[in-house]
file upload_21.txt (compact mmCIF, C-alpha atoms)
# COMPACT_ATOMS: atom_id res chain seq x y z
CA MET A 9 13.71 28.21 -8.73
CA ALA A 10 13.81 29.22 -12.39
CA ASN A 11 15.93 26.36 -13.59
CA PRO A 12 16.82 24.89 -16.95
CA GLY A 13 15.12 21.64 -17.89
CA VAL A 14 16.49 18.18 -17.37
CA LEU A 15 17.97 16.31 -20.34
CA ILE A 16 16.51 12.80 -20.45
CA VAL A 17 17.96 10.07 -22.61
CA ILE A 18 15.59 7.16 -23.18
CA SER A 19 16.84 3.96 -24.77
CA GLY A 20 15.50 0.49 -25.03
CA PRO A 21 15.62 -2.40 -27.46
CA SER A 22 13.17 -2.63 -30.32
CA GLY A 23 10.01 -4.00 -28.71
CA SER A 24 10.59 -2.25 -25.36
CA GLY A 25 7.75 0.14 -26.09
CA LYS A 26 9.95 3.21 -25.62
CA SER A 27 8.20 5.19 -28.35
CA THR A 28 4.77 4.68 -26.80
CA VAL A 29 6.12 5.65 -23.39
CA THR A 30 7.77 8.76 -24.85
CA SER A 31 4.62 9.86 -26.63
CA LYS A 32 2.62 9.54 -23.38
CA LEU A 33 5.24 11.55 -21.49
CA LEU A 34 4.89 14.31 -24.07
CA LYS A 35 1.22 14.80 -23.11
CA ASP A 36 2.73 16.57 -20.09
CA THR A 37 3.78 20.03 -21.30
CA ARG A 38 6.81 20.09 -18.99
CA PHE A 39 8.38 17.63 -21.43
CA ALA A 40 9.56 18.28 -24.97
CA PHE A 41 10.83 15.96 -27.65
CA SER A 42 13.96 16.60 -29.60
CA VAL A 43 13.48 15.37 -33.14
CA SER A 44 16.35 13.25 -34.42
CA ALA A 45 17.80 13.36 -37.89
CA THR A 46 18.24 10.22 -39.96
CA THR A 47 19.26 9.13 -43.41
CA ARG A 48 16.89 6.13 -43.42
CA ALA A 49 13.73 6.24 -45.51
CA PRO A 50 10.48 7.31 -43.79
CA ARG A 51 8.10 4.51 -42.79
CA ALA A 52 4.38 4.76 -43.49
CA GLY A 53 2.90 7.59 -41.45
CA GLU A 54 6.21 9.16 -40.44
CA GLU A 55 6.49 12.90 -40.99
CA HIS A 56 9.57 15.02 -41.63
CA GLY A 57 10.20 17.31 -38.65
CA LYS A 58 7.86 15.34 -36.41
CA HIS A 59 9.18 11.78 -36.21
CA TYR A 60 12.56 12.53 -37.77
CA PHE A 61 14.30 15.02 -39.95
CA PHE A 62 14.80 12.85 -43.02
CA ILE A 63 17.96 14.09 -44.66
CA THR A 64 20.54 12.78 -47.12
CA LYS A 65 23.84 11.20 -46.18
CA GLU A 66 25.65 14.27 -47.54
CA GLU A 67 23.54 16.65 -45.45
CA PHE A 68 24.07 14.50 -42.37
CA GLU A 69 27.83 14.42 -42.79
CA ALA A 70 27.93 18.19 -43.25
CA LEU A 71 26.17 18.61 -39.87
CA ILE A 72 28.67 16.26 -38.18
CA ASP A 73 31.58 18.16 -39.69
CA GLY A 74 30.10 21.46 -38.51
CA GLY A 75 29.83 20.25 -34.89
CA GLN A 76 26.04 20.53 -35.11
CA MET A 77 25.32 16.95 -33.98
CA LEU A 78 25.09 16.28 -30.26
CA GLU A 79 25.51 12.60 -30.99
CA HIS A 80 25.27 10.37 -33.99
CA ALA A 81 25.63 6.72 -34.86
CA GLN A 82 25.20 4.34 -37.73
CA TYR A 83 22.60 1.62 -37.26
CA VAL A 84 21.54 -0.98 -39.80
CA GLY A 85 23.37 1.00 -42.47
CA ASN A 86 21.89 4.44 -41.77
CA TYR A 87 22.92 7.54 -39.83
CA TYR A 88 20.87 8.61 -36.82
CA GLY A 89 21.69 11.71 -34.80
CA THR A 90 20.53 14.57 -32.61
CA PRO A 91 20.91 18.14 -33.85
CA ARG A 92 22.40 20.19 -31.01
CA GLU A 93 20.69 23.56 -31.33
CA PRO A 94 17.02 22.65 -30.58
CA VAL A 95 18.05 20.62 -27.50
CA GLU A 96 19.96 23.50 -25.97
CA ARG A 97 17.20 25.98 -26.76
CA LEU A 98 14.45 23.83 -25.16
CA LEU A 99 16.54 23.17 -22.02
CA ALA A 100 17.14 26.91 -21.62
CA GLU A 101 13.36 27.40 -21.82
CA GLY A 102 13.00 25.06 -18.83
CA LYS A 103 11.64 22.08 -20.76
CA HIS A 104 12.65 18.54 -19.83
CA VAL A 105 14.01 17.39 -23.17
CA ILE A 106 13.59 13.75 -24.16
CA LEU A 107 16.08 12.14 -26.51
CA GLU A 108 14.90 8.74 -27.63
CA ILE A 109 18.11 7.29 -28.98
CA GLU A 110 20.03 4.07 -29.23
CA THR A 111 22.79 3.13 -26.83
CA LYS A 112 25.89 4.31 -28.70
CA GLY A 113 24.48 7.79 -29.19
CA ALA A 114 23.21 7.80 -25.60
CA LEU A 115 26.70 7.31 -24.22
CA GLN A 116 27.96 10.16 -26.41
CA VAL A 117 25.30 12.43 -24.89
CA LYS A 118 26.27 11.39 -21.35
CA ALA A 119 29.89 12.23 -22.12
CA ALA A 120 28.90 15.67 -23.44
CA TYR A 121 26.22 16.34 -20.75
CA PRO A 122 27.12 14.49 -17.51
CA ASP A 123 23.89 15.84 -15.92
CA ALA A 124 21.75 14.02 -18.49
CA ILE A 125 19.73 11.24 -16.92
CA MET A 126 19.99 7.98 -18.78
CA ILE A 127 16.97 5.71 -18.66
CA MET A 128 16.85 2.20 -20.12
CA ILE A 129 13.38 0.84 -20.78
CA LEU A 130 12.91 -2.93 -20.84
CA PRO A 131 9.91 -5.23 -21.04
CA PRO A 132 9.40 -7.36 -17.89
CA ASP A 133 11.41 -10.24 -19.41
CA ILE A 134 13.11 -11.39 -22.62
CA GLU A 135 10.16 -13.62 -23.59
CA THR A 136 7.86 -10.58 -23.56
CA LEU A 137 10.37 -8.72 -25.73
CA GLU A 138 10.43 -11.53 -28.28
CA GLY A 139 6.63 -11.78 -28.20
CA ARG A 140 6.32 -8.07 -28.95
CA LEU A 141 8.74 -8.33 -31.88
CA ARG A 142 6.81 -11.31 -33.30
CA GLY A 143 3.57 -9.40 -32.89
CA ARG A 144 4.75 -6.86 -35.45
CA LYS A 145 3.66 -8.32 -38.75
CA SER A 146 6.08 -6.09 -40.64
CA ASN A 147 9.08 -8.02 -39.25
CA THR A 148 10.48 -11.03 -41.08
CA GLU A 149 11.95 -13.98 -39.14
CA GLU A 150 15.45 -12.84 -39.99
CA ASP A 151 14.61 -9.31 -38.92
CA ILE A 152 13.28 -10.64 -35.58
CA LYS A 153 16.46 -12.64 -34.99
CA ASN A 154 18.61 -9.60 -35.79
CA ARG A 155 16.58 -7.39 -33.50
CA LEU A 156 16.78 -9.92 -30.67
CA GLU A 157 20.55 -10.12 -31.01
CA THR A 158 20.79 -6.31 -31.10
CA ALA A 159 18.49 -6.15 -28.06
CA LYS A 160 20.71 -8.51 -26.11
CA SER A 161 23.82 -6.47 -26.83
CA GLU A 162 21.96 -3.29 -25.81
CA ILE A 163 20.76 -4.85 -22.55
CA LYS A 164 24.36 -5.78 -21.75
CA ILE A 165 25.20 -2.09 -21.44
CA ALA A 166 22.11 -1.23 -19.38
CA ARG A 167 24.35 -0.91 -16.34
CA GLU A 168 26.01 2.12 -17.91
CA TYR A 169 22.62 3.83 -17.68
CA ASP A 170 21.44 5.63 -14.55
CA TYR A 171 17.98 4.12 -14.30
CA LEU A 172 16.10 1.01 -15.35
CA VAL A 173 12.35 1.29 -15.99
CA ILE A 174 10.33 -1.84 -16.61
CA ASN A 175 7.58 -1.28 -19.16
CA ASP A 176 5.00 -3.70 -17.74
CA THR A 177 2.29 -1.18 -18.52
CA VAL A 178 2.78 2.13 -20.29
CA GLU A 179 1.08 3.97 -17.41
CA ASN A 180 3.51 2.53 -14.84
CA ALA A 181 6.55 3.28 -16.98
CA VAL A 182 5.43 6.88 -17.56
CA CYS A 183 4.71 7.33 -13.85
CA GLU A 184 8.14 6.01 -12.87
CA ILE A 185 9.94 8.23 -15.37
CA LYS A 186 8.08 11.29 -14.08
CA LYS A 187 9.13 10.39 -10.53
CA ILE A 188 12.74 10.03 -11.65
CA VAL A 189 12.73 13.42 -13.37
CA ASP A 190 10.97 15.04 -10.42
CA SER A 191 13.56 13.59 -8.05
CA GLU A 192 16.29 14.94 -10.29
CA THR A 193 14.91 18.48 -9.84
CA HIS A 194 15.36 17.99 -6.08
CA ARG A 195 19.09 17.37 -6.38
CA THR A 196 21.14 19.89 -4.45
CA ALA A 197 23.31 20.45 -7.54
CA TYR A 198 20.16 21.41 -9.47
CA ASN A 199 19.18 23.85 -6.69
CA ALA A 200 22.61 25.35 -6.06
CA GLU A 201 21.42 28.92 -6.63
CA PHE A 202 18.44 28.49 -4.29
CA ILE A 203 20.72 27.14 -1.56
CA ASP A 204 23.24 29.93 -2.04
CA ASN A 205 20.52 32.57 -1.75
CA TYR A 206 18.77 30.91 1.19
CA ILE A 207 20.78 32.48 3.98
CA LYS A 208 21.64 35.76 2.26
CA MET B 17 13.91 -8.04 -7.42
CA ALA B 18 14.48 -9.05 -3.78
CA ASN B 19 16.76 -6.20 -2.85
CA PRO B 20 18.06 -4.71 0.37
CA GLY B 21 16.46 -1.49 1.51
CA VAL B 22 17.74 2.00 0.81
CA LEU B 23 19.57 3.87 3.56
CA ILE B 24 18.09 7.36 3.87
CA VAL B 25 19.79 10.11 5.83
CA ILE B 26 17.48 13.00 6.71
CA SER B 27 18.90 16.21 8.14
CA GLY B 28 17.56 19.67 8.58
CA PRO B 29 17.97 22.55 10.96
CA SER B 30 15.90 22.79 14.11
CA GLY B 31 12.54 24.13 12.92
CA SER B 32 12.72 22.38 9.53
CA GLY B 33 10.00 19.95 10.60
CA LYS B 34 12.16 16.89 9.85
CA SER B 35 10.79 14.90 12.78
CA THR B 36 7.19 15.38 11.68
CA VAL B 37 8.10 14.42 8.12
CA THR B 38 9.95 11.32 9.34
CA SER B 39 7.06 10.19 11.54
CA LYS B 40 4.67 10.50 8.55
CA LEU B 41 7.04 8.52 6.33
CA LEU B 42 7.05 5.75 8.94
CA LYS B 43 3.29 5.23 8.47
CA ASP B 44 4.42 3.47 5.27
CA THR B 45 5.64 0.03 6.35
CA ARG B 46 8.35 -0.02 3.66
CA PHE B 47 10.20 2.46 5.88
CA ALA B 48 11.82 1.82 9.24
CA PHE B 49 13.39 4.15 11.73
CA SER B 50 16.77 3.54 13.27
CA VAL B 51 16.71 4.74 16.85
CA SER B 52 19.71 6.90 17.77
CA ALA B 53 21.58 6.81 21.02
CA THR B 54 22.26 9.95 23.04
CA THR B 55 23.69 11.05 26.34
CA ARG B 56 21.29 13.99 26.66
CA ALA B 57 18.42 13.84 29.13
CA PRO B 58 15.01 12.74 27.82
CA ARG B 59 12.50 15.53 27.13
CA ALA B 60 8.90 15.23 28.29
CA GLY B 61 7.20 12.39 26.45
CA GLU B 62 10.38 10.87 25.04
CA GLU B 63 10.74 7.12 25.54
CA HIS B 64 13.91 5.05 25.78
CA GLY B 65 14.17 2.75 22.76
CA LYS B 66 11.55 4.70 20.81
CA HIS B 67 12.79 8.28 20.46
CA TYR B 68 16.36 7.57 21.56
CA PHE B 69 18.39 5.09 23.49
CA PHE B 70 19.23 7.25 26.49
CA ILE B 71 22.60 6.04 27.72
CA THR B 72 25.47 7.35 29.84
CA LYS B 73 28.61 8.98 28.52
CA GLU B 74 30.59 5.91 29.59
CA GLU B 75 28.25 3.53 27.77
CA PHE B 76 28.37 5.70 24.65
CA GLU B 77 32.16 5.83 24.59
CA ALA B 78 32.36 2.06 25.02
CA LEU B 79 30.18 1.63 21.90
CA ILE B 80 32.44 4.00 19.92
CA ASP B 81 35.56 2.12 21.03
CA GLY B 82 33.95 -1.20 20.05
CA GLY B 83 33.20 0.02 16.50
CA GLN B 84 29.47 -0.29 17.18
CA MET B 85 28.59 3.29 16.18
CA LEU B 86 27.86 3.97 12.51
CA GLU B 87 28.37 7.67 13.18
CA HIS B 88 28.48 9.88 16.21
CA ALA B 89 28.90 13.53 17.05
CA GLN B 90 28.82 15.90 19.96
CA TYR B 91 26.16 18.59 19.83
CA VAL B 92 25.39 21.17 22.50
CA GLY B 93 27.55 19.21 24.92
CA ASN B 94 26.03 15.76 24.39
CA TYR B 95 26.84 12.68 22.35
CA TYR B 96 24.44 11.59 19.60
CA GLY B 97 25.04 8.50 17.47
CA THR B 98 23.64 5.64 15.44
CA PRO B 99 24.19 2.07 16.60
CA ARG B 100 25.32 0.03 13.60
CA GLU B 101 23.69 -3.37 14.13
CA PRO B 102 19.96 -2.46 13.85
CA VAL B 103 20.58 -0.43 10.66
CA GLU B 104 22.31 -3.30 8.89
CA ARG B 105 19.70 -5.80 10.02
CA LEU B 106 16.76 -3.68 8.79
CA LEU B 107 18.42 -3.00 5.40
CA ALA B 108 18.99 -6.74 4.94
CA GLU B 109 15.27 -7.27 5.64
CA GLY B 110 14.52 -4.93 2.71
CA LYS B 111 13.38 -1.95 4.79
CA HIS B 112 14.23 1.59 3.74
CA VAL B 113 15.99 2.75 6.89
CA ILE B 114 15.68 6.39 7.92
CA LEU B 115 18.42 8.02 9.94
CA GLU B 116 17.36 11.42 11.21
CA ILE B 117 20.72 12.89 12.14
CA GLU B 118 22.64 16.15 12.14
CA THR B 119 25.05 17.11 9.41
CA LYS B 120 28.36 15.95 10.87
CA GLY B 121 27.05 12.46 11.53
CA ALA B 122 25.35 12.44 8.14
CA LEU B 123 28.63 12.96 6.32
CA GLN B 124 30.18 10.11 8.33
CA VAL B 125 27.37 7.83 7.16
CA LYS B 126 27.87 8.89 3.53
CA ALA B 127 31.57 8.07 3.84
CA ALA B 128 30.78 4.62 5.26
CA TYR B 129 27.81 3.94 2.93
CA PRO B 130 28.26 5.77 -0.39
CA ASP B 131 24.88 4.40 -1.55
CA ALA B 132 23.06 6.20 1.27
CA ILE B 133 20.84 8.97 -0.03
CA MET B 134 21.30 12.23 1.79
CA ILE B 135 18.26 14.46 2.05
CA MET B 136 18.31 17.97 3.53
CA ILE B 137 14.92 19.32 4.61
CA LEU B 138 14.44 23.07 4.74
CA PRO B 139 11.47 25.36 5.33
CA PRO B 140 10.54 27.49 2.27
CA ASP B 141 12.72 30.39 3.51
CA ILE B 142 14.81 31.54 6.48
CA GLU B 143 11.99 33.73 7.84
CA THR B 144 9.72 30.68 8.09
CA LEU B 145 12.49 28.84 9.92
CA GLU B 146 12.86 31.65 12.45
CA GLY B 147 9.09 31.88 12.88
CA ARG B 148 8.89 28.15 13.64
CA LEU B 149 11.66 28.43 16.23
CA ARG B 150 9.90 31.38 17.88
CA GLY B 151 6.63 29.45 17.90
CA ARG B 152 8.15 26.91 20.26
CA LYS B 153 7.48 28.37 23.69
CA SER B 154 10.16 26.15 25.24
CA ASN B 155 12.94 28.12 23.51
CA THR B 156 14.54 31.18 25.15
CA GLU B 157 15.69 34.14 23.05
CA GLU B 158 19.31 33.03 23.44
CA ASP B 159 18.36 29.49 22.49
CA ILE B 160 16.62 30.79 19.36
CA LYS B 161 19.67 32.82 18.34
CA ASN B 162 21.94 29.82 18.86
CA ARG B 163 19.64 27.58 16.86
CA LEU B 164 19.45 30.10 14.01
CA GLU B 165 23.23 30.35 13.86
CA THR B 166 23.53 26.54 13.92
CA ALA B 167 20.86 26.35 11.20
CA LYS B 168 22.80 28.73 8.97
CA SER B 169 26.00 26.71 9.29
CA GLU B 170 24.05 23.52 8.51
CA ILE B 171 22.43 25.06 5.44
CA LYS B 172 25.88 26.04 4.17
CA ILE B 173 26.70 22.35 3.76
CA ALA B 174 23.38 21.45 2.12
CA ARG B 175 25.23 21.15 -1.18
CA GLU B 176 27.11 18.14 0.15
CA TYR B 177 23.74 16.39 0.36
CA ASP B 178 22.18 14.58 -2.59
CA TYR B 179 18.69 16.06 -2.40
CA LEU B 180 16.94 19.16 -1.13
CA VAL B 181 13.31 18.86 -0.02
CA ILE B 182 11.34 21.97 0.87
CA ASN B 183 8.95 21.38 3.74
CA ASP B 184 6.18 23.77 2.69
CA THR B 185 3.61 21.22 3.78
CA VAL B 186 4.37 17.91 5.48
CA GLU B 187 2.32 16.07 2.84
CA ASN B 188 4.39 17.53 -0.01
CA ALA B 189 7.68 16.80 1.72
CA VAL B 190 6.67 13.19 2.44
CA CYS B 191 5.50 12.74 -1.16
CA GLU B 192 8.77 14.09 -2.56
CA ILE B 193 10.89 11.88 -0.32
CA LYS B 194 8.90 8.81 -1.36
CA LYS B 195 9.49 9.72 -5.01
CA ILE B 196 13.21 10.11 -4.37
CA VAL B 197 13.44 6.72 -2.66
CA ASP B 198 11.33 5.09 -5.35
CA SER B 199 13.60 6.55 -8.04
CA GLU B 200 16.59 5.22 -6.17
CA THR B 201 15.19 1.68 -6.44
CA HIS B 202 15.16 2.18 -10.24
CA ARG B 203 18.89 2.82 -10.41
CA THR B 204 20.69 0.32 -12.60
CA ALA B 205 23.24 -0.22 -9.80
CA TYR B 206 20.38 -1.20 -7.48
CA ASN B 207 19.08 -3.65 -10.12
CA ALA B 208 22.40 -5.12 -11.17
CA GLU B 209 21.33 -8.70 -10.46
CA PHE B 210 18.07 -8.29 -12.39
CA ILE B 211 19.98 -6.92 -15.39
CA ASP B 212 22.57 -9.70 -15.23
CA ASN B 213 19.84 -12.35 -15.18
CA TYR B 214 17.73 -10.71 -17.89
CA ILE B 215 19.38 -12.28 -20.91
CA LYS B 216 20.44 -15.57 -19.29
call {"tool": "encode", "arguments": {"input": "upload_21.txt", "output": "structure tokens"}}
result
Amino acid sequence: MANPGVLIVISGPSGSGKSTVTSKLLKDTRFAFSVSATTRAPRAGEEHGKHYFFITKEEFEALIDGGQMLEHAQYVGNYYGTPREPVERLLAEGKHVILEIETKGALQVKAAYPDAIMIMILPPDIETLEGRLRGRKSNTEEDIKNRLETAKSEIKIAREYDYLVINDTVENAVCEIKKIVDSETHRTAYNAEFIDNYIK
Amino acid sequence: MANPGVLIVISGPSGSGKSTVTSKLLKDTRFAFSVSATTRAPRAGEEHGKHYFFITKEEFEALIDGGQMLEHAQYVGNYYGTPREPVERLLAEGKHVILEIETKGALQVKAAYPDAIMIMILPPDIETLEGRLRGRKSNTEEDIKNRLETAKSEIKIAREYDYLVINDTVENAVCEIKKIVDSETHRTAYNAEFIDNYIK
């Protein structure tokens, strides 16, 4: 069963803990991360080519025009997007590729790759979400309010996702996502070649 | 998340080990078995109400006419079918209900319950399947040939199932099915009420 990898789209509101969950998933070498491109400025500790490709608006728009962006969106005044080539290369190598992207881009990916599995990560409840946002000292009160409003609008489209994973603990969330991906590799559509060859 | 159970249809050719897998799954109290009805004679050790409801052809046909059969089929000259009432009651109680049925009946269930998850169990390869059939001393050479031909026609429709589980060891097959069912309970459609209430 030499199969391509599974494309996994992970979204969740700010404060859902999706980045921590993703980084734990990546400890498993079956998974690979596709680095996004953005025009926003790097935060402290963020590295070009690791956390994001930090590029200019002009560079970003040239990639869009060249059909080299799998998805892209503007968010709080900046472009975010997923370069197409590395995703397709990693999938062909059999890696399960994780895209950690916001909801608008996620739906673009689903339209382009219907086999992608769409996972929404949420904290156990909205109070926990707000608590996590307030716990980040870098956020101002206005920033928290904006993020909460954005979170609510993102949660409203959770039903367009395939799966909901509650991030009560990082370990549980990682375990559930691995089960979901493993189940996906048991789909008959994923094993079509195996089935065809079975009775030959 | 007080949800109804998941309806699980398990099929597999004779020799796939589906009955052993099912009986191991049932050690987990989240799962329940829906007893089928049949007009065939009981085999040694089979109990009425446990392995099957052994009923007459006339009784079976009366249940069909009354709309009380979720699915039914004829197989090697006998009726086999699933009474509807116990399945619906167990699902409402939150049990994951296992139907261990052949392919024709399985597709009837999928048509009636699109949310049912359809799992096809196969041995690792066709040679293993044949070996398992030959290992059963109760089967004549003609019986083995018939069962192999039936198996091949069943495997041809495996792609109409949702999932393929290879029964290399019973423990692995049980583990994979539990993962599949667990993933199913993470579907956004399954958690629609939770999502709706999240931001209220």
call {"tool": "residues_around", "arguments": {"input": "upload_21.txt", "residues": "region 85-99 of chain A", "least_positions_apart": "3", "cutoff": "10 Å", "atoms": "all atoms listed in the file", "output": "PyMOL selection string"}}
result
chain A and resi 11-15+39-49+60-65+68-69+71-72+75-82+102-110+113+117
call {"tool": "interface_residues", "arguments": {"input": "upload_21.txt", "of": "chain B", "to": "chain A", "cutoff": "7 Å", "atoms": "all atoms listed in the file", "output": "compact mmCIF listing (two decimals) with C-alpha atoms, in the coordinates of the input"}}
result
# COMPACT_ATOMS: atom_id res chain seq x y z
CA ASP B 141 12.72 30.39 3.51
CA ILE B 142 14.81 31.54 6.48
CA LYS B 168 22.80 28.73 8.97
CA ARG B 175 25.23 21.15 -1.18
CA TYR B 177 23.74 16.39 0.36
CA ASP B 178 22.18 14.58 -2.59
CA TYR B 179 18.69 16.06 -2.40
CA LEU B 180 16.94 19.16 -1.13
CA VAL B 181 13.31 18.86 -0.02
CA LYS B 195 9.49 9.72 -5.01
CA ILE B 196 13.21 10.11 -4.37
CA SER B 199 13.60 6.55 -8.04
CA HIS B 202 15.16 2.18 -10.24
CA ARG B 203 18.89 2.82 -10.41
CA THR B 204 20.69 0.32 -12.60
CA ALA B 205 23.24 -0.22 -9.80
CA ALA B 208 22.40 -5.12 -11.17
CA TYR B 214 17.73 -10.71 -17.89
CA ILE B 215 19.38 -12.28 -20.91
call {"tool": "atom_distance", "arguments": {"input": "upload_21.txt", "atom1": "CA of Gly143 (chain A)", "atom2": "CA of Thr111 (chain A)"}}
result
23.7 Å
call {"tool": "axis_aligned_box", "arguments": {"input": "upload_21.txt", "around": "region 119-133 of chain B", "padding_each_side": "3 Å", "output": "lines of an AutoDock Vina configuration file"}}
result
center_x = 26.2
center_y = 10.5
center_z = 5.0
size_x = 16.7
size_y = 19.2
size_z = 19.1
call {"tool": "residues_around", "arguments": {"input": "upload_21.txt", "residues": "Asn155 (chain B)", "least_positions_apart": "6", "cutoff": "12 Å", "atoms": "all atoms listed in the file", "output": "PyMOL selection string"}}
result
chain B and resi 30-31+146-149+161-164
call {"tool": "residues_near_point", "arguments": {"input": "upload_21.txt", "point": "(3.0, 24.4, 4.5)", "cutoff": "12 Å", "atoms": "all atoms listed in the file", "output": "ChimeraX atom specification"}}
result
/B:32-33,37,138-141,144-145,148,182-190
call {"tool": "atom_distance", "arguments": {"input": "upload_21.txt", "atom1": "CA of Thr148 (chain A)", "atom2": "CA of Ser19 (chain A)"}}
result
23.0 Å
call {"tool": "atom_distance", "arguments": {"input": "upload_21.txt", "atom1": "CA of Tyr121 (chain A)", "atom2": "CA of Glu101 (chain A)"}}
result
17.0 Å
call {"tool": "closest_residue", "arguments": {"input": "upload_21.txt", "among": "B:Lys66, B:Lys126, B:Ile24, B:Glu74", "to": "Leu41 (chain B)", "atoms": "only C-alpha atoms"}}
result
B:Ile24
